[in-house]
Amino acid sequence: MRIGFEKPRAEAWGNSRKVTDDFRKHAWQGAREGAWLFYTHRLPLPTLDVHVIDHYLSVGALLGFDAGAADFSFPLPQSAHDRVDSLLRRHGVRNARLVLLSPRGNWETKRWPDQKFAAVAQHFLQRGHAVVLIGAPRERDVAANIARLAPGIVDLTGQTTLSELAALISRAEICIAHDSGPMHLAVALGRPVVALFGPSDPVWAGPYHRDHAVVRINLPCSPCYLRRLKSCTQRARLHGGPSSASRDRAGGKTFSKAPSRCANPS
C-alpha cells in the first residue's frame with residue numbers, strides 16, 4: 001500500500017482563499033513531481049485551506065481509524081527535566097516566571113530584527129519575569145546580540161537537546177517564536193504562545209487551533225513563501241512592524257483568549 005495526496009487540481013484553488021502568485025508558485029498544493037502516479041491510495045484535496053496536521057490526520061480516516069482530536073502528548077525523560085533544573089538554577093531563575101524567546105527562523109524573511117525581540121524582553125524583565133533565549137547552536141551570535149541589547153536575559157541558546165528544550169518549554173508561562181519548531185513544541189505541550197508570521201501561512205502552518213495566537217502584518221502580498229529578503233518588495237515594513245503588538249498579545253491578550261487548558265494547564 002502506498003498512500004499519498006492527490007495531484008494538484010484547479011478545483012482546490014477555486015475552493016480556497018484568493019492568494020498571490022508567489023503563494024501559488026512556492027506553497028504546497030498536493031503531490032509533486034508526479035508522485036501521485038505511484039500511490040495505490042490517494043487522498044483528495046477539495047480545498048487547500050486546511051492545516052497540515054489535519055491533512056495528515058486524514059490518512060487515519062483512510063485506514064479506518066476512529067476520528068478524534070489530535071493527541072500531541074509525548075514522554076520526556078527525567079534526565080531532561082533534571083538538566084533544565086540545573087541550567088535554571090545556575091542562572092538563579094529556577095523558580096521564576098519564565099518567558100521564552102525563540103528569535104530565529106530558517107528563512108531570512110522569517111527573522112524579526114534583534115532590537116524588536118530585545119524590546120519585548122525588556123517589557124517582561126521590567127515586570128519581574130525571567131526571559132530566556134532558546135535556539136540552535138548556529139544562532140548563538142544572534143542571541144548574544146539580543147542579550148547585549150536587553151541586559152538581564154538568560155541565554156540558553158545551543159545548550160539544550162531537543163528533549164531538554166521541550167522540558168524547558170513545558171515550564172514557560174509563554175513562548176514567543178517565529179513559525180518554527182519551538183512554536184509547535186509549545187502548542188504540543190499546551191503552553192501559551194505568540195507566533196510571529198510573515199511569509200508563511202498561519203492557515204496551513206500556524207499554531208494548531210490557536211488562531212488568536214498569531215501576530216502578523218496584514219500585507220496584501222502575505223503569505224508569499226519567499227525565503228530571501230532580496231525577493232521581498234515589503235522588507236522595510238516586514239522588519240519594521242511594531243513590537244508593541246507582540247508585547248500586548250503576550251502580556252495579556254493571549255492569556256485572556258487562550259483556551260483554559262492552554263492558559264492554565266494542569
# chains A, B, ... in the order shown; residues from 1 in each chain; ligands from 1

$ closest_atom_pairs --of "region 171-196 of chain A" --to "region 93-114 of chain A" --cutoff "6 Å" --atoms "only C-alpha atoms" --output "JSON lines"
{"residue": "A:Ala172", "atom": "CA", "partner": "A:Leu98", "partner_atom": "CA", "distance": 4.8}
{"residue": "A:Glu173", "atom": "CA", "partner": "A:Leu98", "partner_atom": "CA", "distance": 5.6}
{"residue": "A:Ile174", "atom": "CA", "partner": "A:Val99", "partner_atom": "CA", "distance": 5.3}
{"residue": "A:Cys175", "atom": "CA", "partner": "A:Leu100", "partner_atom": "CA", "distance": 4.7}
{"residue": "A:Ile176", "atom": "CA", "partner": "A:Leu101", "partner_atom": "CA", "distance": 5.0}
{"residue": "A:Ala177", "atom": "CA", "partner": "A:Ser102", "partner_atom": "CA", "distance": 4.7}
{"residue": "A:Ser180", "atom": "CA", "partner": "A:Gly105", "partner_atom": "CA", "distance": 6.0}

$ residues_around --residues "Gln78 (chain A)" --least-positions-apart "4" --cutoff "12 Å" --atoms "only C-alpha atoms" --output "list in words"
Asp82, Arg83, Val84, Asp85, Ser163, Glu164, Ala166 and Ala167 of chain A

$ residues_around --residues "Leu189 (chain A)" --least-positions-apart "4" --cutoff "10 Å" --atoms "only C-alpha atoms" --output "PDB file with C-alpha atoms, in the first residue's frame"
ATOM      1  CA  PHE A  72       0.354  15.622  20.825  1.00  0.00           C
ATOM      2  CA  SER A  73       1.396  14.099  24.146  1.00  0.00           C
ATOM      3  CA  PHE A  74       4.844  12.535  24.349  1.00  0.00           C
ATOM      4  CA  ALA A 166      10.768  20.502  25.400  1.00  0.00           C
ATOM      5  CA  ALA A 167      11.256  20.224  29.168  1.00  0.00           C
ATOM      6  CA  ILE A 169       9.192  24.953  27.185  1.00  0.00           C
ATOM      7  CA  SER A 170       6.898  22.911  29.444  1.00  0.00           C
ATOM      8  CA  ARG A 171       7.789  25.296  32.305  1.00  0.00           C
ATOM      9  CA  HIS A 184       4.920  23.991  17.518  1.00  0.00           C
ATOM     10  CA  LEU A 185       6.522  22.374  20.582  1.00  0.00           C
ATOM     11  CA  CYS A 262      -3.632  26.180  27.483  1.00  0.00           C
ATOM     12  CA  PRO A 265      -2.630  23.732  32.018  1.00  0.00           C
TER      13      PRO A 265
END

$ residues_around --residues "Arg2 (chain A)" --least-positions-apart "3" --cutoff "10 Å" --atoms "only C-alpha atoms" --output "mmCIF file with all heavy atoms, in the first residue's frame"
data_model
loop_
_atom_site.group_PDB
_atom_site.id
_atom_site.type_symbol
_atom_site.label_atom_id
_atom_site.label_comp_id
_atom_site.auth_asym_id
_atom_site.auth_seq_id
_atom_site.Cartn_x
_atom_site.Cartn_y
_atom_site.Cartn_z
ATOM 1 N N TRP A 36 2.014 11.238 -7.338
ATOM 2 C CA TRP A 36 0.682 10.662 -7.212
ATOM 3 C C TRP A 36 0.493 9.457 -8.139
ATOM 4 O O TRP A 36 -0.342 8.586 -7.879
ATOM 5 C CB TRP A 36 -0.380 11.723 -7.525
ATOM 6 C CG TRP A 36 -0.285 12.298 -8.913
ATOM 7 C CD1 TRP A 36 0.512 13.321 -9.315
ATOM 8 C CD2 TRP A 36 -0.990 11.854 -10.059
ATOM 9 N NE1 TRP A 36 0.349 13.558 -10.654
ATOM 10 C CE2 TRP A 36 -0.569 12.684 -11.138
ATOM 11 C CE3 TRP A 36 -1.942 10.862 -10.308
ATOM 12 C CZ2 TRP A 36 -1.055 12.532 -12.426
ATOM 13 C CZ3 TRP A 36 -2.441 10.719 -11.593
ATOM 14 C CH2 TRP A 36 -2.000 11.547 -12.641
ATOM 15 N N PHE A 38 2.315 6.972 -8.420
ATOM 16 C CA PHE A 38 2.816 5.752 -7.794
ATOM 17 C C PHE A 38 2.052 5.370 -6.531
ATOM 18 O O PHE A 38 2.396 4.388 -5.877
ATOM 19 C CB PHE A 38 4.309 5.923 -7.475
ATOM 20 C CG PHE A 38 5.139 6.230 -8.690
ATOM 21 C CD1 PHE A 38 5.438 7.544 -9.028
ATOM 22 C CD2 PHE A 38 5.591 5.210 -9.512
ATOM 23 C CE1 PHE A 38 6.196 7.835 -10.152
ATOM 24 C CE2 PHE A 38 6.347 5.504 -10.644
ATOM 25 C CZ PHE A 38 6.649 6.804 -10.966
ATOM 26 N N TYR A 39 1.021 6.141 -6.178
ATOM 27 C CA TYR A 39 0.231 5.811 -4.995
ATOM 28 C C TYR A 39 -0.860 4.812 -5.349
ATOM 29 O O TYR A 39 -1.496 4.905 -6.407
ATOM 30 C CB TYR A 39 -0.430 7.078 -4.414
ATOM 31 C CG TYR A 39 0.544 8.142 -3.960
ATOM 32 C CD1 TYR A 39 0.233 9.493 -4.092
ATOM 33 C CD2 TYR A 39 1.764 7.813 -3.380
ATOM 34 C CE1 TYR A 39 1.113 10.481 -3.672
ATOM 35 C CE2 TYR A 39 2.642 8.787 -2.959
ATOM 36 C CZ TYR A 39 2.316 10.118 -3.116
ATOM 37 O OH TYR A 39 3.184 11.080 -2.693
ATOM 38 N N THR A 40 -1.091 3.880 -4.424
ATOM 39 C CA THR A 40 -2.231 2.974 -4.604
ATOM 40 C C THR A 40 -3.504 3.583 -4.023
ATOM 41 O O THR A 40 -4.607 3.227 -4.431
ATOM 42 C CB THR A 40 -1.963 1.630 -3.913
ATOM 43 O OG1 THR A 40 -1.714 1.866 -2.507
ATOM 44 C CG2 THR A 40 -0.756 0.940 -4.528
ATOM 45 N N HIS A 41 -3.342 4.492 -3.045
ATOM 46 C CA HIS A 41 -4.483 5.161 -2.430
ATOM 47 C C HIS A 41 -4.160 6.648 -2.369
ATOM 48 O O HIS A 41 -3.115 7.039 -1.832
ATOM 49 C CB HIS A 41 -4.752 4.627 -1.021
ATOM 50 C CG HIS A 41 -5.138 3.184 -0.987
ATOM 51 N ND1 HIS A 41 -4.229 2.169 -1.203
ATOM 52 C CD2 HIS A 41 -6.350 2.594 -0.762
ATOM 53 C CE1 HIS A 41 -4.856 1.009 -1.116
ATOM 54 N NE2 HIS A 41 -6.133 1.230 -0.851
ATOM 55 N N ARG A 42 -5.069 7.465 -2.904
ATOM 56 C CA ARG A 42 -4.825 8.913 -2.977
ATOM 57 C C ARG A 42 -5.821 9.658 -2.108
ATOM 58 O O ARG A 42 -7.018 9.367 -2.130
ATOM 59 C CB ARG A 42 -4.922 9.394 -4.425
ATOM 60 C CG ARG A 42 -3.924 8.714 -5.349
ATOM 61 C CD ARG A 42 -3.985 9.269 -6.763
ATOM 62 N NE ARG A 42 -3.101 8.520 -7.649
ATOM 63 C CZ ARG A 42 -3.491 7.575 -8.471
ATOM 64 N NH1 ARG A 42 -4.785 7.254 -8.539
ATOM 65 N NH2 ARG A 42 -2.620 6.937 -9.229
#

$ atom_distance --atom1 "CA of Gly158 (chain A)" --atom2 "CA of Ala130 (chain A)"
18.3 Å

$ select_by_dssp --residues "region 42-251 of chain A" --states "strand (DSSP E or B)" --output "tab-separated table (two decimals) with C-alpha atoms, in the first residue's frame"
chain	number	residue	atom	x	y	z
A	42	ARG	CA	-4.83	8.91	-2.98
A	43	LEU	CA	-6.13	11.46	-0.50
A	98	LEU	CA	9.63	32.13	32.53
A	99	VAL	CA	9.12	33.88	29.20
A	100	LEU	CA	10.87	32.08	26.36
A	101	LEU	CA	12.01	33.87	23.20
A	102	SER	CA	12.95	31.92	20.09
A	130	ALA	CA	12.78	35.83	33.72
A	131	VAL	CA	13.38	35.98	29.97
A	132	VAL	CA	15.17	33.02	28.42
A	133	LEU	CA	16.56	32.82	24.88
A	154	VAL	CA	19.27	34.33	30.35
A	155	ASP	CA	20.79	32.94	27.16
A	174	ILE	CA	4.58	31.87	27.42
A	175	CYS	CA	6.74	31.21	24.38
A	176	ILE	CA	7.24	33.90	21.71
A	177	ALA	CA	8.55	32.47	18.46
A	178	HIS	CA	8.53	32.62	14.69
A	193	VAL	CA	2.32	31.01	22.65
A	194	VAL	CA	2.66	34.11	20.48
A	195	ALA	CA	3.52	33.13	16.90
A	196	LEU	CA	5.12	35.69	14.58
A	214	VAL	CA	-0.81	34.68	15.57
A	215	VAL	CA	0.73	38.16	15.19

$ atom_distance --atom1 "CA of Glu6 (chain A)" --atom2 "CA of Ala67 (chain A)"
21.0 Å

$ residues_around --residues "Trp204 (chain A)" --least-positions-apart "2" --cutoff "7 Å" --atoms "only C-alpha atoms" --output "ChimeraX atom specification"
/A:49-52,201-202,206

$ atom_distance --atom1 "CA of Pro77 (chain A)" --atom2 "CA of Arg191 (chain A)"
18.7 Å
